[in-house]
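Participant: Before we start, here is the structure in question, set down as C-alpha cells.
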Amino acid sequence: MTRIIVCIFALFISLQSLAAESAPTDESIKNLLDAMNAKQMLEKIRAQNATSVKASILGQLGGRQLNPQQEKVLNATSEKISNIMAEVMTWENFQSIYTSLYKKNFSQEEVNALTAFYKTPAGKSSMNKMPAVTQQIILESQKLLVPVQERIQQAAQEGAAEFRKAQ
C-alpha cells in the first residue's frame with residue numbers, strides 16, 4: 001500500500017512538472033514578438049535584402065571587376081530576386097513560423113522570461129542591433145567561401161560526373 005501511495009505521489013509530482021513546462025500560448029508568443037519588435041525587425045531585414053542579394057552575387061563572382069553593362073544586369077537581377085523574396089517575407093508568414101517554432105522549442109516560463117528581458121533597455125538594444133549583426137555575419141560568411149569557391153565548384157562537378165556514371 002505504501003508503494004502505491006509513493007507511486008501516486010511521484011506521478012502527481014511528475015504531472016506538476018510537466019504542467020510547469022507547458023507549451024506557451026499564442027497570446028504569450030504574440031506578446032514576446034511585440035516585445036522583440038519582430039515585425040519592425042522583419043521590415044529592416046527586407047530593406048537590407050537588396051544589398052545582401054547584390055553582395056551575395058558579387059561574392060559568387062569572386063570579386064571580379066564588372067563593366068557598366070554587367071553592373072546594370074547585376075542591379076536588375078538583385079532587384080528582381082529581392083522582389084521575389086519580399087513576396088514571401090511577409091509578417092503573416094513569419095508570425096506563423098515564429099509561433100509554431102516558439103511553441104515547439106520554448107516553455108511558457110521561458111517565453112515569459114524572454115518577454116520580460118526584451119522589455120528591458122538591454123533587451124531593446126540587442127534587438128535593435130540584431131539586423132545589422134545578422135547582415136554582417138552573412139557578409140563575413142560569404143567572404144570565407146570566396147577563396148574555396150573554385151574547389152567547391154570542382155567538387156560539385158566531380159560529384160555530378162560520378163553520379164552520372166553510377167546511373
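All residue names refer to the C-alpha cells as shown: chains lettered A, B, ... in order, residues numbered from 1 in each chain, ligands numbered from 1 in order.
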Would you mind listing what lies within 6 Å of Ala23 of chain A as a list in words, with only C-alpha atoms counted and same-chain residues fewer than 6 positions away left out?
Facilitator: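 Using only C-alpha atoms, the neighbours found are Lys103, Ser107 and Gln108 of chain A.
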Participant: Among chain A, which residues carry a DSSP assignment of alpha helix (DSSP H), reported as a PyMOL selection string?
Facilitator: chain A and resi 2-20+26-35+38-60+68-88+91-105+108-118+121-145+149-165
Participant: What separation in Å, quoted to one decimal, exists between atom CA of Asp26 of chain A and atom CA of Lys104 of chain A?
Facilitator: 11.8 Å
Participant: Residues at most 12 Å from segment 128-137 of chain A, counting only C-alpha atoms, excluding those fewer than 3 positions away in the same chain, as a PyMOL selection string?
Facilitator: chain A and resi 35-53+55-56+118+121-125+140-144
Participant: Limited to N, CA, C and O atoms, could you put the picked residues into a file as a tab-separated table (two decimals), in the first residue's frame?
Facilitator:
chain	number	residue	atom	x	y	z
A	35	ALA	N	7.31	42.50	-27.92
A	35	ALA	CA	8.43	42.99	-27.11
A	35	ALA	C	9.74	42.99	-27.91
A	35	ALA	O	10.60	43.84	-27.71
A	36	MET	N	9.86	42.02	-28.81
A	36	MET	CA	11.07	41.90	-29.64
A	36	MET	C	11.04	42.84	-30.84
A	36	MET	O	12.02	42.93	-31.58
A	37	ASN	N	9.91	43.51	-31.05
A	37	ASN	CA	9.73	44.33	-32.26
A	37	ASN	C	10.01	43.49	-33.51
A	37	ASN	O	10.65	43.95	-34.46
A	38	ALA	N	9.53	42.26	-33.48
A	38	ALA	CA	9.83	41.31	-34.57
A	38	ALA	C	9.32	41.80	-35.91
A	38	ALA	O	9.98	41.62	-36.93
A	39	LYS	N	8.15	42.42	-35.92
A	39	LYS	CA	7.60	42.91	-37.19
A	39	LYS	C	8.49	44.01	-37.78
A	39	LYS	O	8.80	43.98	-38.97
A	40	GLN	N	8.93	44.93	-36.93
A	40	GLN	CA	9.80	46.01	-37.40
A	40	GLN	C	11.16	45.45	-37.83
A	40	GLN	O	11.77	45.93	-38.78
A	41	MET	N	11.64	44.45	-37.09
A	41	MET	CA	12.91	43.83	-37.45
A	41	MET	C	12.82	43.16	-38.82
A	41	MET	O	13.73	43.26	-39.64
A	42	LEU	N	11.69	42.51	-39.09
A	42	LEU	CA	11.49	41.89	-40.41
A	42	LEU	C	11.51	42.95	-41.50
A	42	LEU	O	12.11	42.74	-42.56
A	43	GLU	N	10.91	44.09	-41.23
A	43	GLU	CA	10.92	45.17	-42.22
A	43	GLU	C	12.34	45.67	-42.48
A	43	GLU	O	12.70	45.95	-43.62
A	44	LYS	N	13.15	45.76	-41.43
A	44	LYS	CA	14.55	46.16	-41.61
A	44	LYS	C	15.30	45.13	-42.44
A	44	LYS	O	16.11	45.47	-43.31
A	45	ILE	N	15.04	43.87	-42.16
A	45	ILE	CA	15.71	42.80	-42.91
A	45	ILE	C	15.30	42.86	-44.37
A	45	ILE	O	16.13	42.72	-45.27
A	46	ARG	N	14.03	43.08	-44.62
A	46	ARG	CA	13.56	43.20	-46.01
A	46	ARG	C	14.23	44.37	-46.71
A	46	ARG	O	14.61	44.28	-47.88
A	47	ALA	N	14.40	45.49	-46.00
A	47	ALA	CA	15.05	46.66	-46.59
A	47	ALA	C	16.52	46.39	-46.90
A	47	ALA	O	17.06	46.88	-47.90
A	48	GLN	N	17.18	45.60	-46.05
A	48	GLN	CA	18.60	45.28	-46.27
A	48	GLN	C	18.79	44.16	-47.29
A	48	GLN	O	19.90	43.91	-47.74
A	49	ASN	N	17.71	43.54	-47.66
A	49	ASN	CA	17.78	42.36	-48.51
A	49	ASN	C	18.44	42.65	-49.86
A	49	ASN	O	19.25	41.85	-50.34
A	50	ALA	N	18.12	43.77	-50.47
A	50	ALA	CA	18.68	44.09	-51.79
A	50	ALA	C	20.21	44.16	-51.72
A	50	ALA	O	20.90	43.64	-52.59
A	51	THR	N	20.72	44.79	-50.68
A	51	THR	CA	22.16	44.89	-50.51
A	51	THR	C	22.77	43.50	-50.32
A	51	THR	O	23.82	43.19	-50.89
A	52	SER	N	22.10	42.68	-49.54
A	52	SER	CA	22.59	41.33	-49.25
A	52	SER	C	22.60	40.48	-50.51
A	52	SER	O	23.57	39.75	-50.76
A	53	VAL	N	21.55	40.56	-51.29
A	53	VAL	CA	21.48	39.77	-52.53
A	53	VAL	C	22.59	40.19	-53.48
A	53	VAL	O	23.29	39.35	-54.05
A	55	ALA	N	25.43	41.65	-52.73
A	55	ALA	CA	26.71	41.23	-52.17
A	55	ALA	C	26.93	39.73	-52.38
A	55	ALA	O	28.05	39.30	-52.66
A	56	SER	N	25.88	38.97	-52.28
A	56	SER	CA	25.98	37.52	-52.48
A	56	SER	C	26.38	37.20	-53.92
A	56	SER	O	27.25	36.37	-54.17
A	118	TYR	N	13.17	41.31	-23.16
A	118	TYR	CA	13.10	42.20	-24.32
A	118	TYR	C	12.39	43.51	-24.03
A	118	TYR	O	12.44	44.43	-24.84
A	121	PRO	N	15.87	47.82	-21.20
A	121	PRO	CA	16.74	48.58	-22.12
A	121	PRO	C	17.77	47.68	-22.83
A	121	PRO	O	18.01	47.85	-24.03
A	122	ALA	N	18.36	46.73	-22.11
A	122	ALA	CA	19.35	45.83	-22.74
A	122	ALA	C	18.68	44.96	-23.79
A	122	ALA	O	19.25	44.74	-24.87
A	123	GLY	N	17.49	44.47	-23.51
A	123	GLY	CA	16.77	43.65	-24.48
A	123	GLY	C	16.41	44.44	-25.72
A	123	GLY	O	16.57	43.97	-26.85
A	124	LYS	N	15.92	45.66	-25.52
A	124	LYS	CA	15.57	46.52	-26.66
A	124	LYS	C	16.79	46.86	-27.49
A	124	LYS	O	16.75	46.83	-28.73
A	125	SER	N	17.89	47.15	-26.82
A	125	SER	CA	19.13	47.47	-27.52
A	125	SER	C	19.62	46.29	-28.35
A	125	SER	O	20.02	46.46	-29.51
A	140	GLU	N	30.35	38.39	-43.83
A	140	GLU	CA	31.62	37.78	-43.43
A	140	GLU	C	31.66	36.30	-43.80
A	140	GLU	O	32.71	35.79	-44.20
A	141	SER	N	30.54	35.62	-43.68
A	141	SER	CA	30.48	34.20	-44.04
A	141	SER	C	30.75	34.02	-45.53
A	141	SER	O	31.44	33.08	-45.94
A	142	GLN	N	30.17	34.91	-46.33
A	142	GLN	CA	30.39	34.82	-47.77
A	142	GLN	C	31.86	35.06	-48.11
A	142	GLN	O	32.40	34.40	-49.01
A	143	LYS	N	32.53	35.95	-47.40
A	143	LYS	CA	33.95	36.20	-47.64
A	143	LYS	C	34.78	34.95	-47.36
A	143	LYS	O	35.77	34.70	-48.04
A	144	LEU	N	34.36	34.17	-46.38
A	144	LEU	CA	35.08	32.93	-46.06
A	144	LEU	C	35.02	31.93	-47.22
A	144	LEU	O	35.95	31.16	-47.42
Participant: So how many Å separate atom CA of Trp91 of chain A and atom CA of Glu27 of chain A, to one decimal?
Facilitator: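 Interatomic distance here is 16.2 Å.
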Participant: Would you mind reading off the distance between atom CA of Asn31 of chain A and atom CA of Thr115 of chain A, one decimal, in Å?
Facilitator: 6.9 Å
Participant: Smallest atom-to-atom distance to Leu139 of chain A: which of A:Gly59, A:Glu109, A:Ile97, A:Leu32, using only C-alpha atoms?
Facilitator: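 Among the listed residues, the smallest separation from Leu139 of chain A belongs to A:Gly59.
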